[in-house]
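Dropping query_11.txt in here (compact mmCIF, C-alpha atoms):
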# COMPACT_ATOMS: atom_id res chain seq x y z
CA MET A 1 198.28 2.89 107.00
CA ALA A 2 198.70 5.63 109.46
CA ASP A 3 197.92 8.11 106.70
CA LYS A 4 194.83 6.23 105.82
CA LYS A 5 193.60 6.33 109.40
CA GLN A 6 194.46 9.96 109.60
CA THR A 7 192.52 10.58 106.40
CA GLU A 8 189.51 8.73 107.76
CA ALA A 9 189.73 10.65 110.99
CA ASP A 10 189.80 13.90 109.08
CA THR A 11 186.92 12.72 106.96
CA GLY A 12 184.95 11.84 110.12
CA GLU A 13 185.67 15.21 111.62
CA THR A 14 184.64 16.83 108.36
CA GLU A 15 181.43 14.87 108.28
CA ALA A 16 180.81 15.70 111.94
CA ALA A 17 181.51 19.29 111.22
CA GLU A 18 179.18 19.17 108.25
CA ALA A 19 176.59 17.41 110.35
CA ASP A 20 177.03 19.97 113.09
CA GLY A 21 176.83 22.69 110.45
CA SER A 22 173.70 21.14 109.13
CA SER A 23 172.26 21.01 112.65
CA ASN A 24 173.24 24.60 113.22
CA GLY A 25 171.76 25.49 109.86
CA ALA A 26 168.62 23.63 110.79
CA ARG A 27 168.50 25.47 114.06
CA VAL A 28 169.14 28.76 112.29
CA GLY A 29 166.46 27.84 109.78
CA GLU A 30 164.07 26.95 112.55
CA ALA A 31 164.94 30.18 114.31
CA LEU A 32 164.38 32.11 111.12
CA THR A 33 161.17 30.23 110.54
CA GLU A 34 160.08 30.99 114.10
CA ASP A 35 161.01 34.66 113.66
CA ALA A 36 159.13 34.70 110.37
CA GLY A 37 156.12 33.20 112.14
CA LYS A 38 156.35 35.78 114.85
CA SER A 39 156.61 38.50 112.21
CA GLU A 40 153.59 37.08 110.44
CA ALA A 41 151.81 36.91 113.77
CA VAL A 42 152.80 40.50 114.48
CA GLU A 43 151.65 41.50 111.02
CA ALA A 44 148.43 39.58 111.52
CA ASP A 45 148.01 41.23 114.92
CA GLY A 46 148.78 44.59 113.33
CA SER A 47 146.20 43.85 110.69
CA ASN A 48 143.70 42.96 113.40
CA ASN A 49 144.58 46.10 115.33
CA GLY A 50 144.27 48.13 112.13
CA ALA A 51 140.90 46.57 111.49
CA ARG A 52 139.79 47.39 115.04
CA VAL A 53 141.09 50.94 114.70
CA GLY A 54 139.28 51.24 111.39
CA GLU A 55 136.09 49.95 112.96
CA GLU A 56 136.49 52.40 115.86
CA LEU A 57 137.12 55.26 113.44
CA ALA A 58 134.09 54.27 111.41
CA GLU A 59 132.03 54.07 114.58
CA ASP A 60 133.31 57.49 115.70
CA ALA A 61 132.56 58.85 112.24
CA GLY A 62 129.03 57.48 112.52
CA LYS A 63 128.61 59.08 115.92
CA SER A 64 129.98 62.33 114.53
CA GLU A 65 127.47 62.16 111.68
CA VAL A 66 124.64 61.53 114.18
CA ASP A 67 125.87 64.36 116.42
CA GLY A 68 126.21 66.58 113.37
CA ALA A 69 122.69 65.72 112.33
CA ARG A 70 121.40 66.56 115.83
CA VAL A 71 123.33 69.82 115.88
CA GLY A 72 121.95 70.61 112.43
CA GLU A 73 118.42 69.89 113.60
CA GLU A 74 118.91 72.06 116.71
CA LEU A 75 120.35 74.89 114.61
CA ALA A 76 117.43 74.57 112.19
CA GLU A 77 114.99 74.62 115.10
CA ASP A 78 116.69 77.67 116.61
CA ALA A 79 116.65 79.32 113.19
CA GLY A 80 112.93 78.56 112.93
CA LYS A 81 112.30 80.09 116.35
CA SER A 82 114.36 83.14 115.45
CA GLU A 83 112.44 83.48 112.19
CA ALA A 84 109.12 83.17 114.03
CA LYS A 85 110.21 85.83 116.52
CA ARG A 86 111.29 88.08 113.66
CA LEU A 87 107.96 87.61 111.93
CA VAL A 88 106.06 88.54 115.10
CA GLU A 89 108.15 91.66 115.56
CA THR A 90 107.76 92.53 111.89
CA ASP A 91 104.00 92.12 112.22
CA ALA A 92 104.01 95.56 113.84
CA GLU A 93 104.34 96.85 110.29
CA GLY A 94 101.26 94.90 109.18
CA SER A 95 103.09 92.43 106.95
CA ILE A 96 101.83 89.14 108.43
CA GLY A 97 98.60 88.18 106.75
CA ALA A 98 99.06 90.94 104.20
CA GLU A 99 96.83 90.86 101.16
CA PHE A 100 99.55 91.12 98.54
CA GLY A 101 101.82 88.19 99.44
CA ASP A 102 103.96 86.75 102.17
CA GLU A 103 106.91 89.10 101.95
CA VAL A 104 108.09 90.45 105.28
CA LEU A 105 109.45 93.95 105.68
CA GLU A 106 111.58 94.69 108.73
CA PRO A 107 110.84 97.98 110.48
CA GLU A 108 113.46 100.62 109.97
CA PRO A 109 115.33 101.52 113.17
CA LYS A 110 114.27 104.84 114.54
CA LYS A 111 117.12 107.32 114.52
CA LYS A 112 117.80 109.44 117.55
CA SER A 113 116.86 113.05 117.09
CA ASP A 114 118.42 116.14 118.58
CA ASP A 115 115.47 118.30 117.58
CA VAL A 116 114.26 120.23 120.62
CA LYS A 117 110.69 119.94 119.28
CA ASP A 118 110.85 116.14 119.16
CA LYS A 119 109.33 114.89 122.44
CA SER A 120 111.38 111.69 122.33
CA SER A 121 114.72 113.49 121.94
CA ASP A 122 117.23 114.09 124.72
CA ALA A 123 117.27 117.80 123.85
CA TYR A 124 113.54 118.12 124.56
CA HIS A 125 113.91 116.16 127.79
CA ALA A 126 116.76 118.41 128.92
CA LYS A 127 114.60 121.44 128.22
CA VAL A 128 111.77 120.03 130.37
CA THR A 129 113.94 118.98 133.32
CA ALA A 130 115.74 122.34 133.36
CA LYS A 131 112.73 123.83 135.22
CA ALA A 132 112.74 121.18 137.96
CA GLY A 133 112.92 122.60 141.49
CA THR A 134 111.61 126.05 140.54
CA THR A 135 108.26 127.66 141.34
CA ALA A 136 107.59 128.29 137.67
CA GLY A 137 108.36 124.65 136.94
CA LEU A 138 105.96 123.50 139.68
CA ILE A 139 103.09 125.67 138.43
CA THR A 140 103.71 124.64 134.83
CA GLY A 141 103.92 121.01 135.90
CA LEU A 142 100.63 121.15 137.86
CA ILE A 143 98.77 122.64 134.91
CA LYS A 144 100.28 120.13 132.52
CA GLU A 145 99.56 117.19 134.84
CA LEU A 146 95.87 118.13 134.91
CA ARG A 147 95.96 117.29 131.18
CA PRO A 148 93.28 119.70 129.94
CA LYS A 149 93.43 118.06 126.51
CA GLN A 150 92.10 114.87 128.08
CA TRP A 151 88.96 116.72 129.14
CA VAL A 152 87.74 116.42 125.55
CA LYS A 153 86.73 112.86 126.45
CA ASN A 154 84.40 114.21 129.14
CA VAL A 155 82.18 115.73 126.45
CA LEU A 156 80.61 112.27 126.42
CA VAL A 157 78.52 113.36 129.43
CA LEU A 158 76.52 115.47 126.95
CA ALA A 159 75.76 112.46 124.74
CA VAL A 160 72.73 111.15 126.65
CA PRO A 161 71.01 114.54 127.13
CA PHE A 162 71.67 115.26 123.45
CA GLY A 163 70.36 111.85 122.32
CA ALA A 164 67.30 112.21 124.53
CA GLY A 165 66.41 115.51 122.88
CA GLU A 166 66.76 117.39 126.20
CA ILE A 167 70.05 119.20 125.73
CA LEU A 168 68.27 122.56 125.26
CA ASP A 169 66.53 122.22 128.63
CA PRO A 170 68.42 124.61 131.00
CA VAL A 171 68.12 122.26 133.99
CA VAL A 172 69.30 119.22 132.06
CA LEU A 173 72.11 121.23 130.47
CA TRP A 174 73.24 122.49 133.90
CA HIS A 175 73.38 118.95 135.31
CA ALA A 176 75.34 117.83 132.28
CA VAL A 177 77.84 120.67 132.81
CA VAL A 178 78.25 119.66 136.46
CA ALA A 179 78.87 116.08 135.35
CA PHE A 180 81.53 117.38 132.96
CA ILE A 181 83.25 119.31 135.78
CA VAL A 182 83.29 116.45 138.31
CA PHE A 183 84.53 113.99 135.71
CA SER A 184 87.31 116.37 134.71
CA MET A 185 88.34 116.70 138.36
CA ALA A 186 88.24 112.93 138.95
CA ALA A 187 90.11 112.12 135.75
CA SER A 188 92.85 114.64 136.56
CA GLY A 189 93.14 113.25 140.08
CA ILE A 190 93.62 109.76 138.66
CA TYR A 191 96.35 111.08 136.34
CA PHE A 192 98.22 112.41 139.37
CA VAL A 193 98.10 109.15 141.32
CA ASN A 194 98.83 107.01 138.26
CA ASP A 195 101.90 109.02 137.27
CA ALA A 196 103.12 109.06 140.87
CA ILE A 197 102.95 105.26 141.03
CA ASP A 198 104.53 104.78 137.60
CA VAL A 199 107.22 107.41 138.02
CA GLU A 200 110.15 104.97 137.67
CA ALA A 201 108.66 103.20 134.64
CA ASP A 202 107.81 106.53 132.99
CA ARG A 203 111.42 107.64 133.32
CA GLN A 204 112.44 104.71 131.10
CA HIS A 205 109.89 105.64 128.41
CA PRO A 206 111.08 107.84 125.50
CA THR A 207 108.16 110.32 125.78
CA LYS A 208 106.54 109.65 129.18
CA ARG A 209 109.77 110.69 130.88
CA ASN A 210 108.74 114.26 130.06
CA ARG A 211 105.63 114.06 132.22
CA PRO A 212 105.80 116.56 135.11
CA ILE A 213 106.19 114.01 137.91
CA ALA A 214 108.68 111.81 136.04
CA ALA A 215 110.67 114.90 135.01
CA GLY A 216 110.88 116.10 138.62
CA LEU A 217 108.71 119.20 138.19
CA ILE A 218 106.20 117.97 140.79
CA PRO A 219 107.47 116.30 144.00
CA LEU A 220 105.63 113.10 144.95
CA PRO A 221 104.10 114.47 148.23
CA ILE A 222 102.54 117.38 146.35
CA ALA A 223 101.25 115.01 143.65
CA TYR A 224 99.43 112.83 146.20
CA ALA A 225 98.02 115.88 148.02
CA VAL A 226 96.58 117.33 144.80
CA CYS A 227 95.15 113.91 143.96
CA VAL A 228 93.23 113.74 147.27
CA LEU A 229 91.84 117.26 146.77
CA LEU A 230 90.65 116.55 143.23
CA LEU A 231 89.05 113.16 143.97
CA GLY A 232 87.46 114.36 147.20
CA GLY A 233 86.12 117.52 145.55
CA SER A 234 84.66 115.46 142.71
CA LEU A 235 82.72 113.21 145.08
CA LEU A 236 81.53 116.18 147.17
CA ILE A 237 80.17 118.17 144.23
CA SER A 238 78.53 115.13 142.60
CA GLY A 239 76.89 114.21 145.92
CA LEU A 240 75.42 117.69 146.26
CA THR A 241 74.08 117.50 142.69
CA SER A 242 72.59 114.02 142.46
CA MET A 243 72.98 110.74 144.34
CA SER A 244 72.87 108.90 141.03
CA LEU A 245 75.78 111.00 139.81
CA PHE A 246 77.59 110.39 143.11
CA ALA A 247 77.18 106.61 142.65
CA VAL A 248 78.58 106.76 139.12
CA MET A 249 81.56 108.85 140.25
CA ALA A 250 82.26 106.54 143.19
CA VAL A 251 82.31 103.52 140.86
CA TYR A 252 84.53 105.36 138.38
CA ILE A 253 87.07 106.41 141.01
CA ALA A 254 87.14 102.94 142.63
CA VAL A 255 87.68 101.19 139.29
CA GLN A 256 90.37 103.65 138.21
CA LEU A 257 92.24 103.37 141.51
CA GLY A 258 92.14 99.59 141.16
CA TYR A 259 93.58 100.06 137.70
CA CYS A 260 96.40 102.25 139.02
CA PHE A 261 97.30 99.88 141.86
CA GLY A 262 97.62 96.67 139.84
CA LEU A 263 94.76 95.86 137.49
CA LYS A 264 96.51 97.66 134.64
CA HIS A 265 99.01 94.79 134.59
CA GLN A 266 96.30 92.21 133.85
CA PRO A 267 95.85 91.50 130.12
CA VAL A 268 92.32 92.12 128.74
CA ILE A 269 91.19 93.45 132.16
CA ASP A 270 93.12 96.65 131.51
CA LEU A 271 91.37 97.06 128.13
CA CYS A 272 87.96 96.65 129.74
CA ILE A 273 88.70 99.09 132.56
CA VAL A 274 89.91 101.85 130.25
CA ALA A 275 86.90 101.31 127.98
CA SER A 276 84.57 101.41 130.99
CA GLY A 277 85.78 104.93 131.73
CA PHE A 278 84.17 106.18 128.51
CA LEU A 279 80.97 104.26 129.21
CA LEU A 280 80.71 105.71 132.73
CA ARG A 281 81.10 109.22 131.32
CA ALA A 282 78.08 108.67 129.10
CA ILE A 283 76.10 107.16 131.97
CA ALA A 284 77.01 110.09 134.23
CA GLY A 285 75.39 112.59 131.88
CA GLY A 286 72.09 110.71 132.00
CA ALA A 287 72.34 109.99 135.73
CA ALA A 288 72.91 113.65 136.59
CA ALA A 289 69.73 114.71 134.78
CA GLY A 290 67.70 111.58 135.58
CA LEU A 291 67.34 110.53 131.91
CA MET A 292 66.78 107.02 130.57
CA ILE A 293 69.42 105.46 128.31
CA THR A 294 68.62 103.14 125.42
CA GLN A 295 70.33 99.74 125.26
CA TRP A 296 71.77 100.44 121.81
CA PHE A 297 73.44 103.57 123.11
CA TYR A 298 75.16 101.55 125.83
CA LEU A 299 76.53 99.15 123.22
CA ILE A 300 77.67 101.96 120.92
CA VAL A 301 79.66 103.68 123.65
CA ALA A 302 81.01 100.46 125.18
CA PHE A 303 82.34 98.90 121.97
CA GLY A 304 83.31 102.25 120.45
CA SER A 305 85.47 102.79 123.54
CA LEU A 306 87.00 99.32 123.22
CA PHE A 307 87.80 100.14 119.59
CA MET A 308 89.76 103.24 120.61
CA VAL A 309 91.48 101.54 123.57
CA ALA A 310 92.71 98.66 121.38
CA GLY A 311 94.14 101.27 119.01
CA LYS A 312 95.85 103.00 121.91
CA ARG A 313 97.45 99.75 123.07
CA TYR A 314 98.55 98.95 119.52
CA ALA A 315 100.38 102.27 119.31
CA GLU A 316 102.16 101.53 122.61
CA VAL A 317 103.19 98.02 121.53
CA LYS A 318 104.47 99.31 118.20
CA LEU A 319 106.45 102.07 119.91
CA ALA A 320 108.06 99.52 122.24
CA MET A 321 109.07 97.33 119.29
CA GLU A 322 110.61 100.25 117.41
CA THR A 323 112.48 101.85 120.30
CA GLY A 324 113.06 98.96 122.70
CA ALA A 325 111.41 100.95 125.49
CA LYS A 326 110.27 99.11 128.60
CA ILE A 327 106.52 98.55 128.67
CA ARG A 328 104.00 97.52 131.29
CA LYS A 329 103.43 93.82 131.99
CA SER A 330 100.01 93.63 130.35
CA LEU A 331 101.35 94.92 127.02
CA LYS A 332 103.81 92.02 126.83
CA ALA A 333 100.81 89.69 126.49
CA TYR A 334 99.49 91.52 123.41
CA SER A 335 100.65 90.92 119.87
CA PRO A 336 99.82 93.38 117.09
CA SER A 337 97.65 90.76 115.39
CA TYR A 338 95.61 90.22 118.57
CA LEU A 339 94.97 93.93 118.98
CA ARG A 340 93.89 94.15 115.33
CA PHE A 341 91.47 91.32 116.07
CA VAL A 342 90.04 93.21 119.06
CA TRP A 343 89.55 96.53 117.26
CA ALA A 344 88.06 94.80 114.21
CA ILE A 345 85.41 93.07 116.36
CA ALA A 346 84.75 96.24 118.38
CA ALA A 347 84.36 98.34 115.23
CA ALA A 348 81.94 95.83 113.70
CA ILE A 349 79.73 95.71 116.82
CA THR A 350 79.82 99.50 117.11
CA ILE A 351 78.61 99.96 113.53
CA MET A 352 75.91 97.32 113.92
CA SER A 353 74.66 98.81 117.21
CA TYR A 354 74.62 102.32 115.75
CA ALA A 355 72.63 101.14 112.73
CA LEU A 356 70.01 99.52 115.01
CA TRP A 357 69.85 102.68 117.11
CA ALA A 358 69.41 104.76 113.94
CA TYR A 359 66.41 102.63 112.94
CA ASP A 360 64.95 103.20 116.42
CA ILE A 361 65.37 106.94 115.88
CA ARG A 362 63.40 106.73 112.63
CA GLU A 363 60.65 104.78 114.38
CA PHE A 364 60.29 106.96 117.47
CA GLU A 365 61.31 110.37 116.10
CA MET A 366 59.76 109.87 112.68
CA SER A 367 62.91 111.19 111.02
CA ARG A 368 65.20 109.79 108.35
CA TRP A 369 68.13 111.85 109.53
CA GLY A 370 69.03 109.09 111.94
CA LEU A 371 69.47 106.66 109.06
CA ILE A 372 71.45 109.24 107.09
CA SER A 373 73.79 109.64 110.07
CA ILE A 374 74.95 106.03 109.58
CA VAL A 375 77.08 107.17 106.62
CA PRO A 376 79.31 109.70 108.47
CA MET A 377 79.46 107.33 111.44
CA VAL A 378 80.84 104.44 109.37
CA VAL A 379 83.25 106.68 107.47
CA ALA A 380 84.51 108.19 110.74
CA ILE A 381 85.23 104.75 112.20
CA LEU A 382 87.08 103.69 109.05
CA ARG A 383 89.01 106.96 109.08
CA TYR A 384 90.03 106.48 112.70
CA ALA A 385 91.07 102.89 111.87
CA VAL A 386 93.61 104.34 109.42
CA ASP A 387 95.23 106.28 112.29
CA ILE A 388 95.19 103.16 114.46
CA ASP A 389 96.87 101.07 111.76
CA LYS A 390 99.62 103.68 111.44
CA GLY A 391 100.30 103.35 115.16
CA VAL A 392 99.60 107.04 115.88
CA ALA A 393 96.43 106.58 117.94
CA GLY A 394 98.19 106.48 121.31
CA GLU A 395 96.23 109.53 122.44
CA PRO A 396 92.65 109.44 121.04
CA GLU A 397 91.91 113.06 121.89
CA GLU A 398 95.00 114.22 119.98
CA VAL A 399 93.99 112.14 116.96
CA VAL A 400 90.57 113.79 116.92
CA LEU A 401 91.99 117.30 117.34
CA LYS A 402 94.68 116.87 114.67
CA ASP A 403 92.66 115.01 112.04
CA LYS A 404 90.59 117.71 110.32
CA VAL A 405 88.65 115.21 108.21
CA LEU A 406 87.67 113.29 111.33
CA MET A 407 86.47 116.52 112.96
CA VAL A 408 84.35 117.37 109.91
CA LEU A 409 82.81 113.90 109.95
CA GLY A 410 82.00 114.35 113.63
CA LEU A 411 80.28 117.66 112.95
CA ILE A 412 78.25 116.12 110.12
CA LEU A 413 77.22 113.26 112.40
CA ALA A 414 76.20 115.67 115.16
CA GLY A 415 74.28 117.77 112.62
CA CYS A 416 72.32 114.75 111.37
CA LEU A 417 71.40 113.74 114.92
CA PHE A 418 70.44 117.31 115.79
CA LEU A 419 68.06 117.38 112.83
CA ALA A 420 66.67 113.99 113.88
CA PHE A 421 66.00 114.94 117.50
CA TYR A 422 65.19 118.66 117.37
CA LEU A 423 63.29 119.16 114.10
Whole structure given in structure tokens:
Amino acid sequence: MADKKQTEADTGETEAAEADGSSNGARVGEALTEDAGKSEAVEADGSNNGARVGEELAEDAGKSEVDGARVGEELAEDAGKSEAKRLVETDAEGSIGAEFGDEVLEPEPKKKSDDVKDKSSDAYHAKVTAKAGTTAGLITGLIKELRPKQWVKNVLVLAVPFGAGEILDPVVLWHAVVAFIVFSMAASGIYFVNDAIDVEADRQHPTKRNRPIAAGLIPLPIAYAVCVLLLGGSLLISGLTSMSLFAVMAVYIAVQLGYCFGLKHQPVIDLCIVASGFLLRAIAGGAAAGLMITQWFYLIVAFGSLFMVAGKRYAEVKLAMETGAKIRKSLKAYSPSYLRFVWAIAAAITIMSYALWAYDIREFEMSRWGLISIVPMVVAILRYAVDIDKGVAGEPEEVVLKDKVLMVLGLILAGCLFLAFYL
């Protein structure tokens, strides 16, 4: 009996233990289930976080694509600007608007030369400056600064007496010679003051640095003193000759001084002022002798001068592009294509005006030689345009003196007009 009770007690304990084990198992199971839920929640949260990270990465990638597109557009725009700039610079070679296609040829860089005969070389500059501070250098500099070669332009004072058929009259010829002298004095005086003002800029120029004042051959005080003597002497002599000539010289000197002291930096204005110098030379010849000037002659000289001045500016712009030399402010406003436009218009008006003047000569002089002179005139303009297009017309008087064909054409033209007026 006791064993039975003991057996039941053991059985109860076993059942209790099993029940407790089951409870513990249930609790363990619940705990495991809870942990599994947390793990699933963590995994779900990780999935959500991964999704958010993926979305953020996709968004960043989209922004990067947009930024990349903007950068690409900016680079393309900058490339376009650089290409446009390159095309403008290349236009100095005449490639933009060329007849035979759109290919662009870049100008070849100009190599430095050590040739003592090359005016842009350091060797030539050293040779010039070696005379600075000496008496011989001063005398040489004064003669060179007068620029006798430039006096060729003053031959224009003979144009009106010649065209009026009065050049063989001794009185008229004498007045024309006086006009030539006073214009040469005034022009040389202007060269002195202009180079004195531009001395620092000229020293940065590859060839102008060799000018006497820029090279130090002529001190600035002496340059200004010589300028006053030349300009004052020009006005005095012209006043003693003719008041009309005095008025023309006063206007010329005033305009040129305005040019030296600032007007040369004004685009277009500088072209007109330089061209007006040639026109005033022609007027001076007629004013000195009291001769009338035909309207067509005014137009020929005015637009012919503009034609040459545009060529001169083109040569300066082209030189600056090739060498990187500093240039005056007004030249920065000119592109090669614009200057071609100016000289093309000026050449066309010059030819038209000359043709109309030639028909007047036939009517009033009863001579066909005036009409015949149109041929050498047109050919001469086209010939000079070749020199302009090459960029070598920086000094018109040097172009005329060096181009033998151009000189022959000029002689033929003068011969035709001589036959028209004096036969």
Which distance in Å separates atom CA of A:His265 and atom CA of A:Arg281, to one decimal?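 Here the two named atoms are 23.2 Å from each other.
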Residues near stretch 214-225 of chain A, cut-off 6 Å, all atoms listed in the file, skip fewer than 3 positions along chain, as number ranges by chain: A: 129, 132, 137-138, 141, 192, 199, 203, 209-211, 228
Point (87.5, 115.4, 124.4), cut-off 12 Å, counting only C-alpha atoms, residues as a list in words: Arg147, Pro148, Lys149, Gln150, Trp151, Val152, Lys153, Asn154, Val155, Leu156, Val157, Leu158, Phe180, Phe183, Ser184, Phe278, Arg281, Glu395, Pro396, Glu397, Glu398, Val399, Val400, Leu401 and Met407 of chain A
Contacts of A:Pro170 within 12 Å, all atoms listed in the file, excl. fewer than 6 positions in-chain, as a ChimeraX atom specification: /A:161,176-177,289
For A:Thr294, the closest of A:Ile412, A:Val251, A:Met377, A:Ile361 counting only C-alpha atoms is A:Ile361
From the options A:Met185, A:Leu257, A:Leu319, A:Ile293, which residue's atoms come nearest to A:Ile273, counting all atoms listed in the file? A:Leu257
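Using only C-alpha atoms, the nearest neighbour of A:Gly394 within the list A:Leu279, A:Val309, A:Val226, A:Ala186 is A:Val309.
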Just want the 8 Å neighbourhood of A:Gly304, counted on only C-alpha atoms, with same-chain residues fewer than 4 positions away dropped. Output as an mmCIF file with C-alpha atoms, in the frame of the given file.
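Generated output (selection_17.cif):
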data_model
loop_
_atom_site.group_PDB
_atom_site.id
_atom_site.type_symbol
_atom_site.label_atom_id
_atom_site.label_comp_id
_atom_site.auth_asym_id
_atom_site.auth_seq_id
_atom_site.Cartn_x
_atom_site.Cartn_y
_atom_site.Cartn_z
ATOM 1 C CA LEU A 299 76.530 99.150 123.220
ATOM 2 C CA ILE A 300 77.670 101.960 120.920
ATOM 3 C CA MET A 308 89.760 103.240 120.610
ATOM 4 C CA ALA A 346 84.750 96.240 118.380
ATOM 5 C CA ALA A 347 84.360 98.340 115.230
ATOM 6 C CA THR A 350 79.820 99.500 117.110
#
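Picture a line from atom CA of A:Val342 to atom CA of A:Arg313; it runs 10.7 Å.
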Pairwise distance for atom CA of A:Leu230 and atom CA of A:Gly189, rounded to one decimal in Å: 5.2 Å
Nearest residue to A:Ile181 from the set A:Ala355, A:Leu423, A:Leu245, A:Val255 (distances using only C-alpha atoms):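 Result for the nearest residue to A:Ile181: A:Leu245.
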Quick one: of A:Val392, A:Ala159, A:Ala420, A:Leu339, who's nearest to A:Ile283, counting all atoms listed in the file?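 Of A:Val392, A:Ala159, A:Ala420, A:Leu339, the one nearest A:Ile283 is A:Ala159, counting all atoms listed in the file.
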Between A:Glu322, A:Asp270, A:Glu365, A:Glu145, which is the closest to A:Ile213 once you count only C-alpha atoms?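 That would be A:Glu145, the residue with the smallest distance to A:Ile213.
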Please provide as a ChimeraX atom specification all residues within 12 Å of A:Val379, with the sequence filter that same-chain residues fewer than 3 positions apart are discarded (counting all atoms listed in the file). /A:347,351,373-376,382-386,405-410,412-413
Please complete stretch 417-422 of chain A so it has all heavy atoms, and hand it over as an mmCIF file, in the frame of the given file.
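Heads up, here's the output in selection.cif:
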data_model
loop_
_atom_site.group_PDB
_atom_site.id
_atom_site.type_symbol
_atom_site.label_atom_id
_atom_site.label_comp_id
_atom_site.auth_asym_id
_atom_site.auth_seq_id
_atom_site.Cartn_x
_atom_site.Cartn_y
_atom_site.Cartn_z
ATOM 1 N N LEU A 417 72.141 114.107 113.701
ATOM 2 C CA LEU A 417 71.400 113.740 114.920
ATOM 3 C C LEU A 417 70.607 114.926 115.463
ATOM 4 O O LEU A 417 69.499 114.749 115.996
ATOM 5 C CB LEU A 417 72.375 113.212 115.977
ATOM 6 C CG LEU A 417 73.052 111.864 115.642
ATOM 7 C CD1 LEU A 417 74.046 111.493 116.723
ATOM 8 C CD2 LEU A 417 71.994 110.768 115.480
ATOM 9 N N PHE A 418 71.153 116.130 115.338
ATOM 10 C CA PHE A 418 70.440 117.310 115.790
ATOM 11 C C PHE A 418 69.144 117.470 114.992
ATOM 12 O O PHE A 418 68.072 117.742 115.541
ATOM 13 C CB PHE A 418 71.319 118.558 115.648
ATOM 14 C CG PHE A 418 70.658 119.811 116.133
ATOM 15 C CD1 PHE A 418 70.717 120.152 117.481
ATOM 16 C CD2 PHE A 418 69.980 120.633 115.258
ATOM 17 C CE1 PHE A 418 70.100 121.320 117.941
ATOM 18 C CE2 PHE A 418 69.346 121.799 115.704
ATOM 19 C CZ PHE A 418 69.411 122.145 117.048
ATOM 20 N N LEU A 419 69.243 117.276 113.679
ATOM 21 C CA LEU A 419 68.060 117.380 112.830
ATOM 22 C C LEU A 419 67.059 116.268 113.157
ATOM 23 O O LEU A 419 65.842 116.477 113.090
ATOM 24 C CB LEU A 419 68.459 117.281 111.360
ATOM 25 C CG LEU A 419 69.295 118.468 110.817
ATOM 26 C CD1 LEU A 419 69.756 118.176 109.397
ATOM 27 C CD2 LEU A 419 68.486 119.758 110.877
ATOM 28 N N ALA A 420 67.562 115.106 113.560
ATOM 29 C CA ALA A 420 66.670 113.990 113.880
ATOM 30 C C ALA A 420 65.922 114.228 115.179
ATOM 31 O O ALA A 420 64.737 113.896 115.302
ATOM 32 C CB ALA A 420 67.475 112.695 113.949
ATOM 33 N N PHE A 421 66.617 114.791 116.176
ATOM 34 C CA PHE A 421 66.000 114.940 117.500
ATOM 35 C C PHE A 421 65.272 116.283 117.731
ATOM 36 O O PHE A 421 64.365 116.360 118.549
ATOM 37 C CB PHE A 421 67.067 114.768 118.591
ATOM 38 C CG PHE A 421 67.599 113.366 118.714
ATOM 39 C CD1 PHE A 421 68.941 113.110 118.573
ATOM 40 C CD2 PHE A 421 66.742 112.314 118.970
ATOM 41 C CE1 PHE A 421 69.440 111.821 118.688
ATOM 42 C CE2 PHE A 421 67.226 111.009 119.091
ATOM 43 C CZ PHE A 421 68.573 110.772 118.946
ATOM 44 N N TYR A 422 65.695 117.332 117.024
ATOM 45 C CA TYR A 422 65.190 118.660 117.370
ATOM 46 C C TYR A 422 64.380 119.309 116.245
ATOM 47 O O TYR A 422 64.008 120.470 116.351
ATOM 48 C CB TYR A 422 66.353 119.553 117.765
ATOM 49 C CG TYR A 422 67.063 119.046 119.007
ATOM 50 C CD1 TYR A 422 68.197 118.251 118.895
ATOM 51 C CD2 TYR A 422 66.564 119.343 120.273
ATOM 52 C CE1 TYR A 422 68.837 117.774 120.022
ATOM 53 C CE2 TYR A 422 67.214 118.874 121.399
ATOM 54 C CZ TYR A 422 68.339 118.086 121.274
ATOM 55 O OH TYR A 422 68.963 117.612 122.416
#
